[in-house]
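Q: Here it is, the structure in full.
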Amino acid sequence: MSIDWLKQAVSQSEKLYPYIPGKPISQMLRELGLDDSEVEKRAASTVKLASNENPYGVSPKALKAIQQTAIEAHRYPDGDCFELKQALAKKHGIHAEQLLIGNGSNEVLELIIRTFAGVGDEVVYSQRGFIVYALATTAAGATGVAVPESDGFTHDLNAMLGAVNESTKVVCIANPNNPTGALLQTSALQIFLDKLPSHIVVIIDEAYVEYVQSEIEDSIFALKHAGLIISRTFSKAFGLAGLRVGYAVANQDLLAVVNRFREPFNVNSIAQAAALAALHDEDWVMDKVAQCKAERVRLEAAFSDLNCLAISSFANFVLFQHENSTEIVKKLEQEGVIVRPLAPYGMPDVLRVSVGTRTENDAFLAALSKVLP
Ligand SMILES: Cc1ncc(COP(=O)(O)O)c(C=O)c1O
């Protein structure tokens, strides 16, 4: 007799589904029906613009640190991430106790939601906010409250405020937002925070902050709220998506509670060393951010010319809108380009295209002009 494992699992499992990531290059090529040797041949010329990674690679200093630390891989990592916390504390002008480091900021988000929200509690987020908020909320057994955006792309802070009630434990806001690329000004966020009870935990998820650093005030200094948590990551501008390092900045007593849920060695030693080195390679990082922003302008201009620009983006991706988007994704894959369909976010006609290097973007635009109906 076969066992229905879903019935054996906790009740919220029925509402959960696995996160759908950007397609890895080898998976896309296998799906095209290619055999192993063809996959290997085609992989180098395939362009992946589906996960908002840094297309310029790993910073030279981080790469050196990775190579040097690999030899220590038989040892457990420092479970407290002492050196990385010291460096981040210095960078942000805060105490190390105000930091929590995670296996990507994804883990940080999950830990926070799991710590503060359970059965009977509510978590408020934007309908087209980062999908992990909804998944983590459901996994925690809590109820997600998805608030529609004012213009289809931007968080509607007034409506989010209206969704807060006595059951609300956590509010999640991505700024800039993924997948829409919209930006909220710090002043608007502070007005929102001033209207919330101070015990409500508010996550401002700043995975893409490096791309707007010159355009908004630093929220770590500017925003005030007792339950404020700012999360950041080394996965985007810092170019370390594969190593999984992210962090939260918040009140130290609040983080001490979240820390109870953290597994002992959640950030591996190579990742810690690479993140530390990348922090010291800020010139490289900011130079790549500048190149990405210049390429974003170029891609958005091309979309505009085609009448396909959904909205201007503040992050390292651009939004392409076309009624035949589903077809276009398949045809682009045949041409060796992977982009991200936004159907899971309720936008079946929109594609999210991560900004690549100039060469990658040229290849994408050439493929696009070939496949556009
Ligand atoms: C808004 C936002 N937050 C968090 C994450 C998670 O990133 P990571 O776990 O790699 O730090 C992402 C990744 O795409 C994101 O777009």
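Following the order of the structure tokens, chains are lettered A, B, ..., residues in each are numbered from 1, and ligands are numbered from 1.
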Hey, which bits of segment 38-140 of chain A sit within 9 Å of segment 199-207 of chain A, and for each residue what's the closest pair of atoms and how far apart in Å (one decimal), counting only C-alpha atoms, rows by chain and increasing number, as a Markdown table?
A:
```
| residue | atom | partner | partner_atom | distance |
| --- | --- | --- | --- | --- |
| A:Ser105 | CA | A:Ala207 | CA | 7.7 |
| A:Leu109 | CA | A:Ile203 | CA | 8.0 |
| A:Ile112 | CA | A:Ile203 | CA | 8.6 |
| A:Phe116 | CA | A:Val201 | CA | 7.9 |
```
Q: Just the selected residues (C-alpha atoms), exported as a JSON list (two decimals), in the first residue's frame, please.
A:
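Listed below is the output, result.json:
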```json
[["chain", "number", "residue", "atom", "x", "y", "z"],
["A", 105, "SER", "CA", 19.08, 36.55, 2.61],
["A", 109, "LEU", "CA", 13.73, 36.08, 5.64],
["A", 112, "ILE", "CA", 12.40, 36.00, 10.76],
["A", 116, "PHE", "CA", 7.41, 35.82, 14.68]]
```
Q: Residues up to 9 Å from ligand 1, counting only C-alpha atoms and all ligand atoms: could you list those as number ranges by chain?
A: A: 21, 51-53, 102-109, 129-133, 173-179, 205-208, 231-236, 240-247
Q: Between A:Leu63, A:Cys81, A:Leu32, A:Ile20, which is the closest to Phe238 of chain A once you count only C-alpha atoms?
A: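 Result for the nearest residue to Phe238 of chain A: A:Leu63.
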Q: Output as a list in words all residues of segment 4-104 of chain A that backbone DSSP marks as strand (DSSP E or B).
A: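 Answer for segment 4-104 of chain A restricted to strand (DSSP E or B) is Val47, Lys48, Leu99, Leu100, Ile101 and Gly102 of chain A.
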Q: Which residue is closest to Ile229 of chain A? Choose from A:Leu309, A:Ala366, A:Val39, A:Leu99 and count only C-alpha atoms.
A: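 Among the listed residues, the smallest separation from Ile229 of chain A belongs to A:Leu99.
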Q: Distance atom CA of Pro55 of chain A-atom CA of Leu183 of chain A, one decimal place?
A: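 Calculated distance between atom CA of Pro55 of chain A and atom CA of Leu183 of chain A is 22.4 Å.
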Q: Which residues are close to Phe303 of chain A, i.e. within 10 Å by only C-alpha atoms, leaving aside same-chain residues fewer than 5 positions away? Reply as a list in words.
A: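 Selected residues are Val297, Arg298, Cys308, Leu309, Ala310, Ile311, Val318, Leu319, Phe320, Gln321 and Leu365 of chain A.
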Q: Would you put the residues from that selection into a file with C-alpha atoms, as a PDB file, in the first residue's frame?
A:
```
ATOM      1  CA  VAL A 297      19.358  52.081 -19.876  1.00  0.00           C
ATOM      2  CA  ARG A 298      20.290  50.474 -23.197  1.00  0.00           C
ATOM      3  CA  CYS A 308       7.382  46.539 -24.899  1.00  0.00           C
ATOM      4  CA  LEU A 309       8.745  48.302 -21.796  1.00  0.00           C
ATOM      5  CA  ALA A 310       6.453  47.421 -18.848  1.00  0.00           C
ATOM      6  CA  ILE A 311       7.972  49.930 -16.382  1.00  0.00           C
ATOM      7  CA  VAL A 318      14.179  45.024 -16.797  1.00  0.00           C
ATOM      8  CA  LEU A 319      10.561  44.139 -17.544  1.00  0.00           C
ATOM      9  CA  PHE A 320       9.450  43.240 -21.051  1.00  0.00           C
ATOM     10  CA  GLN A 321       5.719  43.173 -21.787  1.00  0.00           C
ATOM     11  CA  LEU A 365      18.539  41.659 -28.282  1.00  0.00           C
TER      12      LEU A 365
END
```
Q: Residues at most 9 Å from segment 150-167 of chain A, counting only C-alpha atoms, excluding those fewer than 3 positions away in the same chain, as a PyMOL selection string?
A: chain A and resi 120-129+145-147+171+173-174+177+179-184+188-189+192+195-196+311
Q: If you count only C-alpha atoms, which residues fall within 9 Å of Ile113 of chain A, apart from same-chain ones fewer than 6 positions away, as a list in words?
A: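 My list of contacting residues is Val123, Tyr133, Ala136, Thr137, Ala140, Ala142, Lys169 and Val170 of chain A.
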Q: Could you dump the residues just selected with C-alpha atoms as a PDB file, in the first residue's frame?
A:
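So part.pdb came out as:
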```
ATOM      1  CA  VAL A 123       2.000  38.387   7.458  1.00  0.00           C
ATOM      2  CA  TYR A 133       7.445  35.958   1.681  1.00  0.00           C
ATOM      3  CA  ALA A 136       7.818  31.254   4.156  1.00  0.00           C
ATOM      4  CA  THR A 137       4.531  32.455   5.661  1.00  0.00           C
ATOM      5  CA  ALA A 140       5.300  28.701   9.120  1.00  0.00           C
ATOM      6  CA  ALA A 142       0.699  31.590   9.312  1.00  0.00           C
ATOM      7  CA  LYS A 169       3.004  39.991  13.150  1.00  0.00           C
ATOM      8  CA  VAL A 170       5.228  40.755  10.170  1.00  0.00           C
TER       9      VAL A 170
END
```
Q: I need the residue nearest Thr69 of chain A from this list: A:Asn316, A:Thr357, A:Gln272, A:Ser187. Use only C-alpha atoms for the distance.
A: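 Among A:Asn316, A:Thr357, A:Gln272, A:Ser187, it is A:Gln272 that comes nearest to Thr69 of chain A.
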Q: Which polymer residues have any atom within 9 Å of an atom of Gln190 of chain A, counting only C-alpha atoms, with same-chain residues fewer than 5 positions away left out, as a VMD selection string?
A: chain A and resid 185 195 222 to 225
Q: So which residues of segment 126-343 of chain A fall under helix (DSSP H, G or I) by DSSP, listed as number ranges by chain?
A: A: 132-139, 157-163, 186-194, 209-211, 219-222, 252-259, 269-279, 282-305, 325-334, 343
Q: Which of these residues is nearest to Ala139 of chain A, using only C-alpha atoms: A:Ser313, A:Gln68, A:Thr115, A:Ser59?
A: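 Nearest candidate to Ala139 of chain A out of A:Ser313, A:Gln68, A:Thr115, A:Ser59: A:Thr115.
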Q: Give me the residues near segment 82-95 of chain A as a ChimeraX atom specification, where near means some atom within 10 Å (using only C-alpha atoms) and where sequence neighbours in that chain fewer than 6 positions away do not count.
A: /A:101,218,220-221,247,249-252,272-277,279-280
Q: What's the separation between atom CA of Asn268 of chain A and atom CA of Tyr56 of chain A, in Å to one decimal place?
A: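 Result for atom CA of Asn268 of chain A versus atom CA of Tyr56 of chain A: 23.1 Å, one decimal.
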Q: With distances taken over only C-alpha atoms, which of A:Glu282, A:Glu327, A:Glu14, A:Asp35 is nearest to Glu210 of chain A?
A: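 Of A:Glu282, A:Glu327, A:Glu14, A:Asp35, the one nearest Glu210 of chain A, counting only C-alpha atoms, is A:Glu282.
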